[in-house]
Structure formats: C-alpha cells, structure tokens
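Working notes, structure below.
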Amino acid sequence: MDDRRRKAEAQEAAARRALGPQIVEDSVKLVEAWNARQAVHMPMLFSPTIEAAITAGHWFLRARCPACRTTGDVDLRLLDWHRGAAVTALIPALSCRSCRPNAPFAELVCLSKSSVAEQYYAERSGNKWINE
C-alpha cells in the first residue's frame, strides 16, 4: 500500500514539474495580451490573476488616478490578497489618496517588470541595465 502511494505521489510531482515551464509561458502570454489591450484602451474581456502576473515576472501593477493624473504602482508580491484574485479586484484599493474623500476609481495602466521609481532612476542616471 505504501509503495503504491509513494509511486502515485512521485508521478504527481513529476507531472507538476513538467507543467512548470508551460505555466510560465502561458502566464507571460496572458500578461502580454492584457498589457497590449490596456495600451490601446480596448474593452477588457479578461484579467490576469495576481498569481499569473507574479509567475510571468510582472510584479508591479501600474495605476493612474483619472482626476489628478497621478501614476503609481504596487508590488503584487507584497499584497495580502488571494493569489487567485484578478488584478482588476484591486481597483477600489488603489484609489488616489490625494483626491479623497470622493476619489474616482483608479485606471489600471499595465503590469510591469519594474516600478515607476526604477524606470525614473534608469532614465535619469543613464543605467539602462536596471530595466533588464
């Protein structure tokens, strides 16, 4: 009985390891498709999950306040949210602190591999390797 159970567990573990690269590839495709639709302001038919964004290496969700046009981002790895939640579920939590108490909902801009601060530093300092 124990041998059968160990063999079954070993087979399940091997199947999970074999799916690893496919999951990463699918996550990257999903995030890139979502970013492309966001860039041209197309209607959103889907939204990647927080886990898919993290798996794809796009750790920062960039949002903009429609009222004051302030742009910022949040590191998805540090959030205390369920990893299966869609990134659009974060919209109410990302509303602008400067425009409160009647702040409009945030506009999601993109999922990014680097933060706004990192990109600003790379542009100002000339260190292009930061974004890579």
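In the structure tokens, each chain is lettered A, B, ... as it comes, each chain's residues begin at 1, and ligands are numbered from 1 in order of appearance.
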
Can you list, as a JSON list (two decimals) with N, CA and C atoms, in the first residue's frame, every protein, DNA or RNA residue that comes within 6 Å of region 50-56 of chain A when you count only C-alpha atoms, leaving out same-chain residues fewer than 5 positions away?
[["chain", "number", "residue", "atom", "x", "y", "z"],
["A", 24, "VAL", "N", 4.52, 29.01, -16.89],
["A", 24, "VAL", "CA", 5.22, 30.29, -17.03],
["A", 24, "VAL", "C", 4.96, 30.89, -18.41],
["A", 27, "SER", "N", 1.44, 32.22, -18.62],
["A", 27, "SER", "CA", 1.31, 33.44, -17.82],
["A", 27, "SER", "C", 1.88, 34.64, -18.55],
["A", 28, "VAL", "N", 3.04, 34.46, -19.18],
["A", 28, "VAL", "CA", 3.66, 35.55, -19.93],
["A", 28, "VAL", "C", 2.77, 35.97, -21.09],
["A", 83, "ARG", "N", -4.09, 34.94, -4.15],
["A", 83, "ARG", "CA", -3.33, 34.92, -5.41],
["A", 83, "ARG", "C", -4.22, 34.58, -6.61],
["A", 86, "ALA", "N", -8.33, 38.38, -9.47],
["A", 86, "ALA", "CA", -7.95, 39.12, -10.68],
["A", 86, "ALA", "C", -7.33, 40.45, -10.27],
["A", 87, "VAL", "N", -6.41, 40.95, -11.10],
["A", 87, "VAL", "CA", -5.79, 42.24, -10.78],
["A", 87, "VAL", "C", -6.81, 43.36, -10.78]]

Within 10 Å of region 107-122 of chain A using only C-alpha atoms, minus same-chain residues under 3 positions, as a JSON list (two decimals) with N, CA, C and O atoms, in the first residue's frame:
[["chain", "number", "residue", "atom", "x", "y", "z"],
["A", 31, "VAL", "N", -0.32, 37.94, -19.71],
["A", 31, "VAL", "CA", 0.02, 39.29, -19.25],
["A", 31, "VAL", "C", 0.34, 40.19, -20.45],
["A", 31, "VAL", "O", -0.09, 41.35, -20.50],
["A", 32, "GLU", "N", 1.07, 39.69, -21.43],
["A", 32, "GLU", "CA", 1.39, 40.49, -22.61],
["A", 32, "GLU", "C", 0.13, 40.86, -23.39],
["A", 32, "GLU", "O", -0.01, 41.99, -23.86],
["A", 34, "TRP", "N", -2.90, 41.14, -22.14],
["A", 34, "TRP", "CA", -3.64, 42.11, -21.32],
["A", 34, "TRP", "C", -3.01, 43.50, -21.42],
["A", 34, "TRP", "O", -3.71, 44.49, -21.58],
["A", 35, "ASN", "N", -1.67, 43.56, -21.34],
["A", 35, "ASN", "CA", -0.98, 44.85, -21.46],
["A", 35, "ASN", "C", -1.23, 45.48, -22.83],
["A", 35, "ASN", "O", -1.41, 46.70, -22.93],
["A", 36, "ALA", "N", -1.24, 44.68, -23.89],
["A", 36, "ALA", "CA", -1.48, 45.21, -25.24],
["A", 36, "ALA", "C", -2.89, 45.79, -25.34],
["A", 36, "ALA", "O", -3.08, 46.87, -25.92],
["A", 37, "ARG", "N", -3.87, 45.13, -24.77],
["A", 37, "ARG", "CA", -5.24, 45.64, -24.80],
["A", 37, "ARG", "C", -5.36, 46.91, -23.95],
["A", 37, "ARG", "O", -6.06, 47.84, -24.33],
["A", 38, "GLN", "N", -4.68, 46.95, -22.82],
["A", 38, "GLN", "CA", -4.71, 48.14, -21.97],
["A", 38, "GLN", "C", -4.08, 49.34, -22.69],
["A", 38, "GLN", "O", -4.55, 50.46, -22.56],
["A", 39, "ALA", "N", -3.01, 49.10, -23.43],
["A", 39, "ALA", "CA", -2.28, 50.18, -24.10],
["A", 39, "ALA", "C", -3.13, 50.90, -25.14],
["A", 39, "ALA", "O", -2.98, 52.10, -25.34],
["A", 41, "HIS", "N", -6.52, 50.91, -25.02],
["A", 41, "HIS", "CA", -7.81, 51.18, -24.39],
["A", 41, "HIS", "C", -8.95, 50.34, -24.98],
["A", 41, "HIS", "O", -10.05, 50.83, -25.18],
["A", 48, "PRO", "N", -5.80, 39.07, -15.89],
["A", 48, "PRO", "CA", -4.94, 38.04, -15.30],
["A", 48, "PRO", "C", -5.06, 38.03, -13.78],
["A", 48, "PRO", "O", -5.43, 39.04, -13.16],
["A", 53, "ALA", "N", 0.40, 37.10, -12.90],
["A", 53, "ALA", "CA", 1.30, 38.24, -13.07],
["A", 53, "ALA", "C", 2.64, 37.98, -12.38],
["A", 53, "ALA", "O", 3.71, 38.26, -12.93],
["A", 54, "ILE", "N", 2.59, 37.43, -11.18],
["A", 54, "ILE", "CA", 3.82, 37.14, -10.44],
["A", 54, "ILE", "C", 4.60, 36.05, -11.15],
["A", 54, "ILE", "O", 5.82, 36.14, -11.29],
["A", 56, "ALA", "N", 4.63, 35.39, -14.28],
["A", 56, "ALA", "CA", 5.20, 35.94, -15.51],
["A", 56, "ALA", "C", 6.34, 36.92, -15.23],
["A", 56, "ALA", "O", 7.01, 37.36, -16.16],
["A", 57, "GLY", "N", 6.56, 37.28, -13.98],
["A", 57, "GLY", "CA", 7.63, 38.20, -13.63],
["A", 57, "GLY", "C", 7.23, 39.66, -13.73],
["A", 57, "GLY", "O", 8.05, 40.54, -13.59],
["A", 58, "HIS", "N", 5.94, 39.92, -13.93],
["A", 58, "HIS", "CA", 5.42, 41.29, -13.97],
["A", 58, "HIS", "C", 4.87, 41.60, -12.59],
["A", 58, "HIS", "O", 3.68, 41.45, -12.33],
["A", 59, "TRP", "N", 5.75, 42.05, -11.71],
["A", 59, "TRP", "CA", 5.42, 42.17, -10.30],
["A", 59, "TRP", "C", 4.72, 43.47, -9.94],
["A", 59, "TRP", "O", 4.16, 43.59, -8.86],
["A", 60, "PHE", "N", 4.74, 44.46, -10.81],
["A", 60, "PHE", "CA", 4.20, 45.77, -10.47],
["A", 60, "PHE", "C", 2.96, 46.07, -11.29],
["A", 60, "PHE", "O", 2.97, 45.98, -12.51],
["A", 61, "LEU", "N", 1.87, 46.43, -10.60],
["A", 61, "LEU", "CA", 0.64, 46.85, -11.24],
["A", 61, "LEU", "C", 0.61, 48.38, -11.22],
["A", 61, "LEU", "O", 0.61, 48.99, -10.15],
["A", 62, "ARG", "N", 0.64, 48.98, -12.39],
["A", 62, "ARG", "CA", 0.66, 50.43, -12.50],
["A", 62, "ARG", "C", -0.77, 50.94, -12.64],
["A", 62, "ARG", "O", -1.56, 50.41, -13.41],
["A", 63, "ALA", "N", -1.10, 51.98, -11.89],
["A", 63, "ALA", "CA", -2.44, 52.56, -11.91],
["A", 63, "ALA", "C", -2.32, 54.09, -11.96],
["A", 63, "ALA", "O", -1.33, 54.66, -11.53],
["A", 64, "ARG", "N", -3.37, 54.72, -12.50],
["A", 64, "ARG", "CA", -3.42, 56.17, -12.65],
["A", 64, "ARG", "C", -4.74, 56.68, -12.10],
["A", 64, "ARG", "O", -5.79, 56.08, -12.29],
["A", 65, "CYS", "N", -4.68, 57.83, -11.44],
["A", 65, "CYS", "CA", -5.89, 58.49, -10.95],
["A", 65, "CYS", "C", -6.47, 59.29, -12.11],
["A", 65, "CYS", "O", -5.78, 60.14, -12.68],
["A", 66, "PRO", "N", -7.73, 59.05, -12.48],
["A", 66, "PRO", "CA", -8.32, 59.79, -13.60],
["A", 66, "PRO", "C", -8.54, 61.27, -13.29],
["A", 66, "PRO", "O", -8.60, 62.08, -14.20],
["A", 69, "ARG", "N", -4.39, 62.62, -12.40],
["A", 69, "ARG", "CA", -3.43, 62.01, -13.34],
["A", 69, "ARG", "C", -2.14, 61.53, -12.67],
["A", 69, "ARG", "O", -1.12, 61.36, -13.31],
["A", 71, "THR", "N", 0.33, 58.88, -11.28],
["A", 71, "THR", "CA", 0.59, 57.48, -11.61],
["A", 71, "THR", "C", 1.46, 56.86, -10.53],
["A", 71, "THR", "O", 2.41, 57.47, -10.07],
["A", 72, "GLY", "N", 1.11, 55.65, -10.16],
["A", 72, "GLY", "CA", 1.90, 54.92, -9.18],
["A", 72, "GLY", "C", 1.77, 53.44, -9.43],
["A", 72, "GLY", "O", 1.04, 53.01, -10.34],
["A", 73, "ASP", "N", 2.49, 52.66, -8.67],
["A", 73, "ASP", "CA", 2.38, 51.21, -8.83],
["A", 73, "ASP", "C", 2.43, 50.53, -7.48],
["A", 73, "ASP", "O", 2.79, 51.13, -6.48],
["A", 74, "VAL", "N", 2.03, 49.28, -7.50],
["A", 74, "VAL", "CA", 2.01, 48.47, -6.29],
["A", 74, "VAL", "C", 2.71, 47.15, -6.61],
["A", 74, "VAL", "O", 2.55, 46.59, -7.69],
["A", 75, "ASP", "N", 3.53, 46.69, -5.68],
["A", 75, "ASP", "CA", 4.24, 45.42, -5.83],
["A", 75, "ASP", "C", 3.28, 44.29, -5.46],
["A", 75, "ASP", "O", 2.88, 44.17, -4.29],
["A", 76, "LEU", "N", 2.91, 43.49, -6.42],
["A", 76, "LEU", "CA", 1.93, 42.42, -6.19],
["A", 76, "LEU", "C", 2.46, 41.35, -5.24],
["A", 76, "LEU", "O", 1.68, 40.67, -4.58],
["A", 87, "VAL", "N", -6.41, 40.95, -11.10],
["A", 87, "VAL", "CA", -5.79, 42.24, -10.78],
["A", 87, "VAL", "C", -6.81, 43.36, -10.78],
["A", 87, "VAL", "O", -6.63, 44.36, -10.10],
["A", 88, "THR", "N", -7.91, 43.21, -11.50],
["A", 88, "THR", "CA", -8.95, 44.23, -11.51],
["A", 88, "THR", "C", -9.67, 44.33, -10.16],
["A", 88, "THR", "O", -10.30, 45.34, -9.87],
["A", 90, "LEU", "N", -8.27, 44.81, -7.50],
["A", 90, "LEU", "CA", -7.50, 45.77, -6.70],
["A", 90, "LEU", "C", -7.91, 47.22, -6.97],
["A", 90, "LEU", "O", -7.46, 48.12, -6.27],
["A", 91, "ILE", "N", -8.74, 47.47, -7.98],
["A", 91, "ILE", "CA", -9.08, 48.83, -8.37],
["A", 91, "ILE", "C", -9.59, 49.68, -7.20],
["A", 91, "ILE", "O", -9.10, 50.79, -6.99],
["A", 92, "PRO", "N", -10.56, 49.23, -6.41],
["A", 92, "PRO", "CA", -11.03, 50.08, -5.30],
["A", 92, "PRO", "C", -9.93, 50.41, -4.29],
["A", 92, "PRO", "O", -9.90, 51.51, -3.74],
["A", 94, "LEU", "N", -6.84, 50.87, -4.91],
["A", 94, "LEU", "CA", -5.81, 51.73, -5.50],
["A", 94, "LEU", "C", -6.29, 53.16, -5.74],
["A", 94, "LEU", "O", -5.59, 53.93, -6.39],
["A", 95, "SER", "N", -7.46, 53.52, -5.23],
["A", 95, "SER", "CA", -7.95, 54.88, -5.47],
["A", 95, "SER", "C", -7.01, 55.89, -4.84],
["A", 95, "SER", "O", -6.35, 55.64, -3.84],
["A", 104, "PRO", "N", -12.15, 59.08, -7.60],
["A", 104, "PRO", "CA", -12.68, 58.14, -8.59],
["A", 104, "PRO", "C", -11.87, 56.84, -8.53],
["A", 104, "PRO", "O", -10.77, 56.81, -7.98],
["A", 125, "SER", "N", 19.72, 58.39, -14.56],
["A", 125, "SER", "CA", 21.11, 58.05, -14.34],
["A", 125, "SER", "C", 21.81, 57.52, -15.58],
["A", 125, "SER", "O", 23.02, 57.46, -15.62],
["A", 126, "GLY", "N", 21.04, 57.08, -16.56],
["A", 126, "GLY", "CA", 21.64, 56.50, -17.76],
["A", 126, "GLY", "C", 21.97, 55.04, -17.61],
["A", 126, "GLY", "O", 22.57, 54.43, -18.49],
["A", 127, "ASN", "N", 21.59, 54.43, -16.49],
["A", 127, "ASN", "CA", 21.84, 53.00, -16.27],
["A", 127, "ASN", "C", 20.73, 52.18, -16.92],
["A", 127, "ASN", "O", 19.74, 51.87, -16.30],
["A", 128, "LYS", "N", 20.89, 51.84, -18.15],
["A", 128, "LYS", "CA", 19.85, 51.10, -18.88],
["A", 128, "LYS", "C", 19.72, 49.67, -18.42],
["A", 128, "LYS", "O", 18.72, 49.02, -18.66],
["A", 129, "TRP", "N", 20.71, 49.13, -17.71],
["A", 129, "TRP", "CA", 20.66, 47.74, -17.27],
["A", 129, "TRP", "C", 19.63, 47.51, -16.18],
["A", 129, "TRP", "O", 19.23, 46.40, -15.93],
["A", 130, "ILE", "N", 19.14, 48.57, -15.55],
["A", 130, "ILE", "CA", 18.18, 48.41, -14.45],
["A", 130, "ILE", "C", 16.87, 47.82, -14.96],
["A", 130, "ILE", "O", 16.26, 47.00, -14.28],
["A", 131, "ASN", "N", 16.44, 48.18, -16.15],
["A", 131, "ASN", "CA", 15.16, 47.70, -16.67],
["A", 131, "ASN", "C", 15.26, 46.30, -17.24],
["A", 131, "ASN", "O", 14.25, 45.72, -17.62],
["A", 132, "GLU", "N", 16.41, 45.74, -17.36],
["A", 132, "GLU", "CA", 16.56, 44.42, -17.99],
["A", 132, "GLU", "C", 16.44, 43.30, -17.00],
["A", 132, "GLU", "O", 16.50, 43.42, -15.86]]

(message) Using only C-alpha atoms, can you tell me which of A:Asp3, A:Thr49, A:Ala67, A:His82 comes closest to Cys99 (chain A)?
(response) A:Ala67

Would you list, as a PDB file with C-alpha atoms, in the first residue's frame, the residues of region 85-132 of chain A that end up in helix (DSSP H, G or I) under DSSP run on this structure's backbone?
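Output contents, as saved in selection.pdb:
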ATOM      1  CA  VAL A  87      -5.786  42.237 -10.777  1.00  0.00           C
ATOM      2  CA  THR A  88      -8.951  44.234 -11.505  1.00  0.00           C
ATOM      3  CA  ALA A  89     -10.160  43.346  -7.999  1.00  0.00           C
ATOM      4  CA  LEU A  90      -7.505  45.767  -6.705  1.00  0.00           C
ATOM      5  CA  PRO A  92     -11.028  50.084  -5.302  1.00  0.00           C
ATOM      6  CA  ALA A  93      -7.954  49.709  -3.083  1.00  0.00           C
ATOM      7  CA  LEU A  94      -5.811  51.733  -5.496  1.00  0.00           C
ATOM      8  CA  VAL A 116       7.948  53.639 -11.709  1.00  0.00           C
ATOM      9  CA  ALA A 117      10.820  54.586  -9.387  1.00  0.00           C
ATOM     10  CA  GLU A 118      13.207  52.112 -11.045  1.00  0.00           C
ATOM     11  CA  GLN A 119      12.310  53.385 -14.511  1.00  0.00           C
ATOM     12  CA  TYR A 120      12.714  57.006 -13.404  1.00  0.00           C
ATOM     13  CA  TYR A 121      16.134  56.240 -11.913  1.00  0.00           C
ATOM     14  CA  ALA A 122      17.221  54.392 -15.061  1.00  0.00           C
ATOM     15  CA  GLU A 123      16.211  57.340 -17.255  1.00  0.00           C
ATOM     16  CA  ARG A 124      17.905  59.942 -15.045  1.00  0.00           C
ATOM     17  CA  SER A 125      21.109  58.053 -14.336  1.00  0.00           C
ATOM     18  CA  LYS A 128      19.855  51.100 -18.883  1.00  0.00           C
ATOM     19  CA  TRP A 129      20.660  47.742 -17.270  1.00  0.00           C
ATOM     20  CA  ILE A 130      18.177  48.415 -14.451  1.00  0.00           C
ATOM     21  CA  ASN A 131      15.163  47.700 -16.675  1.00  0.00           C
TER      22      ASN A 131
END

(message) Based on the backbone DSSP call, show me all residues of region 4-92 of chain A assigned strand (DSSP E or B), as a VMD selection string.
(response) chain A and resid 49 60 to 64 71 to 75 86

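Interatomic distance, CA of Glu12 (chain A) to CA of Gly84 (chain A): 21.9 Å.
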
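Distances from A:Ala8, A:Ala14, A:Cys68, A:Ala33 to Ala103 (chain A) were compared using only C-alpha atoms, and the smallest one belongs to A:Cys68.
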